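All remarks here apply to the structure that follows.
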Amino acid sequence: MHAQGRLRAIIFDFNGVIADDETPHFLTFQQALQEDGLTLTKEDYYGAYLGMDERNCATALVESVIGTQDPVRIQRILERKAALFRDYTATHKPQLFPGAAEFVKLAGQRYRLAIASGGRREQIDFALRDTPIVKDFAVIASAEDTSIGKPDPAIYHVALSQINRLEPRPQPPISPEECLVIEDSLAGIRSAKAAGMPVIGLATTYPPERLSEAHLTIPSLEGLSMDCLEKLFREEVY
């Protein structure tokens, strides 16, 4: 990928990048599907569905069983999953990944920061509450902001549009090539690339080889300095 410009904004996926809560998300989603007569194995979720968000995954599962889409059934499954996850997190607050808060604090001194997640806004807000970075993201784009989830690029278009509307408005507006995405799944990586944004794959949920479509892959945010990030961005992305 060749582009002109500099790094001006960072957009983070949330689950599996900032919050270490992929396992309870999967387990409560699996239970909601099971209650509705659908089976989702861990192998399929982390394999065949390539880290799709819940809406796309549920749609694909329902269609594979009945041969057509059923929006009412899908919405019922997603509402049930949200309720199960809410009950779980009432007694098990998600933890932030080691180094995530420190990285966000440093990045916020140089760049505009946003979240673009297939998760619900209430879940993101809850996970950030009482953490050092609760106020560090000026933009949070969530499942409610688009009608289709990753790997479609819509969520990243929404996040960048909102970044560019923030006061004081960036001049000139930040372009997709100047906006770095940090993702932990193949669906998310494809979403960011389809939006024209360079993307780092974070190997927290999947092994690095499953993230090979990213411009580069790193094991974690722990200890990653801004100077190192700038160097990686220039050398690997551009």
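Ligands are numbered from 1 in the order shown, chains are lettered A, B, ... in the order of the structure tokens, and residues start at 1 in each chain.
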Could you find all residues in segment 21-52 of chain A that DSSP calls helix (DSSP H, G or I) from the backbone, and write them as number ranges by chain?
A: 22-35, 42-45
All residues 7 Å or closer to segment 134-149 of chain A, only C-alpha atoms, same chain fewer than 5 positions away omitted, as an MDAnalysis selection string
chainID A and resid 53 55:56 108 113:121 128:129 154:155 158:159 162:163
Save out the residues we just selected, N, CA and C atoms, as a PDB file, in the first residue's frame.
ATOM      1  N   ASP A  53     -18.524 -10.191  13.197  1.00  0.00           N
ATOM      2  CA  ASP A  53     -19.283  -9.716  14.337  1.00  0.00           C
ATOM      3  C   ASP A  53     -20.544 -10.567  14.483  1.00  0.00           C
ATOM      4  N   ARG A  55     -23.741 -10.048  14.460  1.00  0.00           N
ATOM      5  CA  ARG A  55     -24.855  -9.871  13.537  1.00  0.00           C
ATOM      6  C   ARG A  55     -24.625 -10.666  12.253  1.00  0.00           C
ATOM      7  N   ASN A  56     -23.415 -10.546  11.684  1.00  0.00           N
ATOM      8  CA  ASN A  56     -23.111 -11.272  10.458  1.00  0.00           C
ATOM      9  C   ASN A  56     -23.039 -12.771  10.697  1.00  0.00           C
ATOM     10  N   GLY A 108      -2.978   9.302  22.601  1.00  0.00           N
ATOM     11  CA  GLY A 108      -3.885  10.447  22.652  1.00  0.00           C
ATOM     12  C   GLY A 108      -3.172  11.784  22.720  1.00  0.00           C
ATOM     13  N   LEU A 113      -8.179   9.789  18.563  1.00  0.00           N
ATOM     14  CA  LEU A 113      -8.447   8.378  18.839  1.00  0.00           C
ATOM     15  C   LEU A 113      -9.930   8.057  18.731  1.00  0.00           C
ATOM     16  N   ALA A 114     -10.220   6.864  18.217  1.00  0.00           N
ATOM     17  CA  ALA A 114     -11.604   6.415  18.104  1.00  0.00           C
ATOM     18  C   ALA A 114     -11.668   4.912  18.320  1.00  0.00           C
ATOM     19  N   ILE A 115     -12.867   4.450  18.608  1.00  0.00           N
ATOM     20  CA  ILE A 115     -13.175   3.021  18.655  1.00  0.00           C
ATOM     21  C   ILE A 115     -14.162   2.730  17.539  1.00  0.00           C
ATOM     22  N   ALA A 116     -13.958   1.625  16.830  1.00  0.00           N
ATOM     23  CA  ALA A 116     -14.918   1.159  15.829  1.00  0.00           C
ATOM     24  C   ALA A 116     -15.151  -0.323  16.098  1.00  0.00           C
ATOM     25  N   SER A 117     -16.289  -0.641  16.683  1.00  0.00           N
ATOM     26  CA  SER A 117     -16.533  -1.990  17.184  1.00  0.00           C
ATOM     27  C   SER A 117     -17.872  -2.532  16.724  1.00  0.00           C
ATOM     28  N   GLY A 118     -17.909  -3.836  16.503  1.00  0.00           N
ATOM     29  CA  GLY A 118     -19.177  -4.504  16.220  1.00  0.00           C
ATOM     30  C   GLY A 118     -19.965  -4.771  17.483  1.00  0.00           C
ATOM     31  N   GLY A 119     -19.405  -4.429  18.646  1.00  0.00           N
ATOM     32  CA  GLY A 119     -20.103  -4.596  19.907  1.00  0.00           C
ATOM     33  C   GLY A 119     -21.084  -3.468  20.175  1.00  0.00           C
ATOM     34  N   ARG A 120     -21.941  -3.666  21.150  1.00  0.00           N
ATOM     35  CA  ARG A 120     -22.936  -2.649  21.503  1.00  0.00           C
ATOM     36  C   ARG A 120     -22.315  -1.550  22.344  1.00  0.00           C
ATOM     37  N   ARG A 121     -22.873  -0.367  22.201  1.00  0.00           N
ATOM     38  CA  ARG A 121     -22.328   0.789  22.908  1.00  0.00           C
ATOM     39  C   ARG A 121     -22.369   0.588  24.427  1.00  0.00           C
ATOM     40  N   LEU A 128     -15.258   0.351  29.740  1.00  0.00           N
ATOM     41  CA  LEU A 128     -14.364   1.504  29.935  1.00  0.00           C
ATOM     42  C   LEU A 128     -14.579   2.210  31.272  1.00  0.00           C
ATOM     43  N   ARG A 129     -15.764   2.034  31.854  1.00  0.00           N
ATOM     44  CA  ARG A 129     -16.096   2.739  33.101  1.00  0.00           C
ATOM     45  C   ARG A 129     -15.083   2.394  34.202  1.00  0.00           C
ATOM     46  N   ALA A 154     -18.275  -0.237   6.568  1.00  0.00           N
ATOM     47  CA  ALA A 154     -19.151   0.857   7.012  1.00  0.00           C
ATOM     48  C   ALA A 154     -18.745   1.447   8.354  1.00  0.00           C
ATOM     49  N   ILE A 155     -18.394   0.599   9.336  1.00  0.00           N
ATOM     50  CA  ILE A 155     -18.107   1.092  10.676  1.00  0.00           C
ATOM     51  C   ILE A 155     -16.877   2.010  10.670  1.00  0.00           C
ATOM     52  N   VAL A 158     -17.868   5.392   9.206  1.00  0.00           N
ATOM     53  CA  VAL A 158     -18.598   6.152  10.226  1.00  0.00           C
ATOM     54  C   VAL A 158     -17.620   6.776  11.223  1.00  0.00           C
ATOM     55  N   ALA A 159     -16.670   5.976  11.702  1.00  0.00           N
ATOM     56  CA  ALA A 159     -15.718   6.475  12.712  1.00  0.00           C
ATOM     57  C   ALA A 159     -14.895   7.639  12.169  1.00  0.00           C
ATOM     58  N   GLN A 162     -16.908  10.827  11.850  1.00  0.00           N
ATOM     59  CA  GLN A 162     -17.123  11.464  13.151  1.00  0.00           C
ATOM     60  C   GLN A 162     -15.851  12.151  13.643  1.00  0.00           C
ATOM     61  N   ILE A 163     -14.694  11.539  13.407  1.00  0.00           N
ATOM     62  CA  ILE A 163     -13.425  12.170  13.776  1.00  0.00           C
ATOM     63  C   ILE A 163     -13.288  13.516  13.080  1.00  0.00           C
TER      64      ILE A 163
END
Set the distance at 10 Å and use only C-alpha atoms: which residues neighbour Cys179 of chain A once local chain neighbours fewer than 6 positions away are removed? I'd like the list as a list of chain:residue names.
A:Gly5, A:Arg6, A:Leu7, A:Arg8, A:Ala9, A:Ile10, A:Ile11, A:Tyr111, A:Arg112, A:Leu113, A:Tyr156, A:Leu160, A:Ala192, A:Gly196, A:Met197, A:Pro198, A:Val199
Would you list the contacts of Gly16 of chain A as an MDAnalysis selection string, taking every protein, DNA or RNA residue within 7 Å and counting only C-alpha atoms, but skipping same-chain residues closer than 6 positions in sequence?
chainID A and resid 22 184 204:205
Using only C-alpha atoms, can you tell me which of A:Gly47, A:Pro173, A:Pro132, A:Gly223 comes closest to Ser185 of chain A?
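Residue with the minimum atom-to-atom distance to Ser185 of chain A: A:Gly47.
Residue neighbourhood of Met52 of chain A, excluding near-sequence residues (fewer than 4 positions): Asn56, Cys57, Lys150, Pro151 and Ala187 of chain A, at 7 Å, using only C-alpha atoms.
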Could you dump the residues just selected with C-alpha atoms as a short mmCIF file (atom, residue, chain, number, x, y, z; two decimals), in the first residue's frame?
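Saved as part26.cif:
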data_model
loop_
_atom_site.label_atom_id
_atom_site.label_comp_id
_atom_site.auth_asym_id
_atom_site.auth_seq_id
_atom_site.Cartn_x
_atom_site.Cartn_y
_atom_site.Cartn_z
CA ASN A 56 -23.11 -11.27 10.46
CA CYS A 57 -22.36 -14.58 12.17
CA LYS A 150 -17.43 -6.18 9.63
CA PRO A 151 -15.94 -7.21 7.17
CA ALA A 187 -12.94 -9.76 9.40
#
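Using only C-alpha atoms, the nearest neighbour of Ser212 of chain A within the list A:Leu186, A:Leu224, A:Gln31, A:Arg234 is A:Leu186.
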Point-to-point distance in Å for atom CA of Gly37 of chain A and atom CA of Asp70 of chain A
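Computing it gives 13.8 Å between the two atoms.
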Spatial neighbours of Leu202 of chain A, max dist 8 Å, only C-alpha atoms, sep filter under 4 positions, as a ChimeraX atom specification
/A:17,182-184,208,211,217-221
Would you save the residues from that selection as a PDB file, in the first residue's frame, using N, CA and C atoms?
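Final output, saved to result.pdb:
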ATOM      1  N   VAL A  17      -8.845  -6.151  21.563  1.00  0.00           N
ATOM      2  CA  VAL A  17      -7.779  -5.164  21.355  1.00  0.00           C
ATOM      3  C   VAL A  17      -7.576  -4.322  22.619  1.00  0.00           C
ATOM      4  N   ILE A 182      -6.178  -0.672  14.441  1.00  0.00           N
ATOM      5  CA  ILE A 182      -5.616  -1.794  15.191  1.00  0.00           C
ATOM      6  C   ILE A 182      -6.730  -2.811  15.403  1.00  0.00           C
ATOM      7  N   GLU A 183      -6.552  -4.012  14.853  1.00  0.00           N
ATOM      8  CA  GLU A 183      -7.584  -5.048  14.825  1.00  0.00           C
ATOM      9  C   GLU A 183      -7.018  -6.381  15.295  1.00  0.00           C
ATOM     10  N   ASP A 184      -7.911  -7.265  15.752  1.00  0.00           N
ATOM     11  CA  ASP A 184      -7.466  -8.584  16.198  1.00  0.00           C
ATOM     12  C   ASP A 184      -8.070  -9.727  15.386  1.00  0.00           C
ATOM     13  N   PRO A 208      -0.612 -15.131  14.686  1.00  0.00           N
ATOM     14  CA  PRO A 208      -0.205 -14.152  13.674  1.00  0.00           C
ATOM     15  C   PRO A 208      -0.484 -14.583  12.233  1.00  0.00           C
ATOM     16  N   LEU A 211      -3.635 -13.543  10.652  1.00  0.00           N
ATOM     17  CA  LEU A 211      -3.792 -12.098  10.469  1.00  0.00           C
ATOM     18  C   LEU A 211      -2.888 -11.578   9.353  1.00  0.00           C
ATOM     19  N   THR A 217       1.880  -7.266  11.721  1.00  0.00           N
ATOM     20  CA  THR A 217       1.283  -7.929  12.879  1.00  0.00           C
ATOM     21  C   THR A 217       2.228  -7.802  14.066  1.00  0.00           C
ATOM     22  N   ILE A 218       1.651  -7.517  15.240  1.00  0.00           N
ATOM     23  CA  ILE A 218       2.432  -7.426  16.465  1.00  0.00           C
ATOM     24  C   ILE A 218       1.745  -8.256  17.553  1.00  0.00           C
ATOM     25  N   PRO A 219       2.495  -8.706  18.559  1.00  0.00           N
ATOM     26  CA  PRO A 219       1.901  -9.576  19.582  1.00  0.00           C
ATOM     27  C   PRO A 219       0.997  -8.855  20.565  1.00  0.00           C
ATOM     28  N   SER A 220       1.297  -7.599  20.880  1.00  0.00           N
ATOM     29  CA  SER A 220       0.500  -6.867  21.864  1.00  0.00           C
ATOM     30  C   SER A 220       0.850  -5.389  21.783  1.00  0.00           C
ATOM     31  N   LEU A 221       0.097  -4.579  22.530  1.00  0.00           N
ATOM     32  CA  LEU A 221       0.384  -3.146  22.616  1.00  0.00           C
ATOM     33  C   LEU A 221       1.365  -2.837  23.741  1.00  0.00           C
TER      34      LEU A 221
END
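Of the listed residues A:Phe12, A:Tyr49, A:Phe26, A:Phe97, the one whose atoms come nearest to Leu84 of chain A is A:Phe26, with distances taken using only C-alpha atoms.
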To test your reading of the structure, identify every residue in segment 88-230 of chain A that backbone DSSP assigns to strand (DSSP E or B), and report it as a ChimeraX atom specification.
/A:95-96,112-116,139-141,179-183,199-202,216-218
Would you put the residues from that selection into a file with C-alpha atoms, as a PDB file, in the first residue's frame?
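Produced file result38.pdb, reproduced below:
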ATOM      1  CA  GLN A  95     -10.223  -6.481  32.105  1.00  0.00           C
ATOM      2  CA  LEU A  96      -8.146  -4.303  29.814  1.00  0.00           C
ATOM      3  CA  ARG A 112      -7.131  11.638  17.427  1.00  0.00           C
ATOM      4  CA  LEU A 113      -8.447   8.378  18.839  1.00  0.00           C
ATOM      5  CA  ALA A 114     -11.604   6.415  18.104  1.00  0.00           C
ATOM      6  CA  ILE A 115     -13.175   3.021  18.655  1.00  0.00           C
ATOM      7  CA  ALA A 116     -14.918   1.159  15.829  1.00  0.00           C
ATOM      8  CA  VAL A 139     -15.424   8.907  18.992  1.00  0.00           C
ATOM      9  CA  ILE A 140     -17.008   5.527  19.726  1.00  0.00           C
ATOM     10  CA  ALA A 141     -18.689   3.896  16.729  1.00  0.00           C
ATOM     11  CA  CYS A 179      -5.755   6.746   9.890  1.00  0.00           C
ATOM     12  CA  LEU A 180      -4.202   3.624  11.417  1.00  0.00           C
ATOM     13  CA  VAL A 181      -6.481   0.775  12.515  1.00  0.00           C
ATOM     14  CA  ILE A 182      -5.616  -1.794  15.191  1.00  0.00           C
ATOM     15  CA  GLU A 183      -7.584  -5.048  14.825  1.00  0.00           C
ATOM     16  CA  VAL A 199      -4.096  -1.809   9.628  1.00  0.00           C
ATOM     17  CA  ILE A 200      -2.019  -3.518  12.298  1.00  0.00           C
ATOM     18  CA  GLY A 201      -3.034  -7.045  13.275  1.00  0.00           C
ATOM     19  CA  LEU A 202      -2.855  -7.644  17.022  1.00  0.00           C
ATOM     20  CA  LEU A 216       1.943  -5.804   9.803  1.00  0.00           C
ATOM     21  CA  THR A 217       1.283  -7.929  12.879  1.00  0.00           C
ATOM     22  CA  ILE A 218       2.432  -7.426  16.465  1.00  0.00           C
TER      23      ILE A 218
END
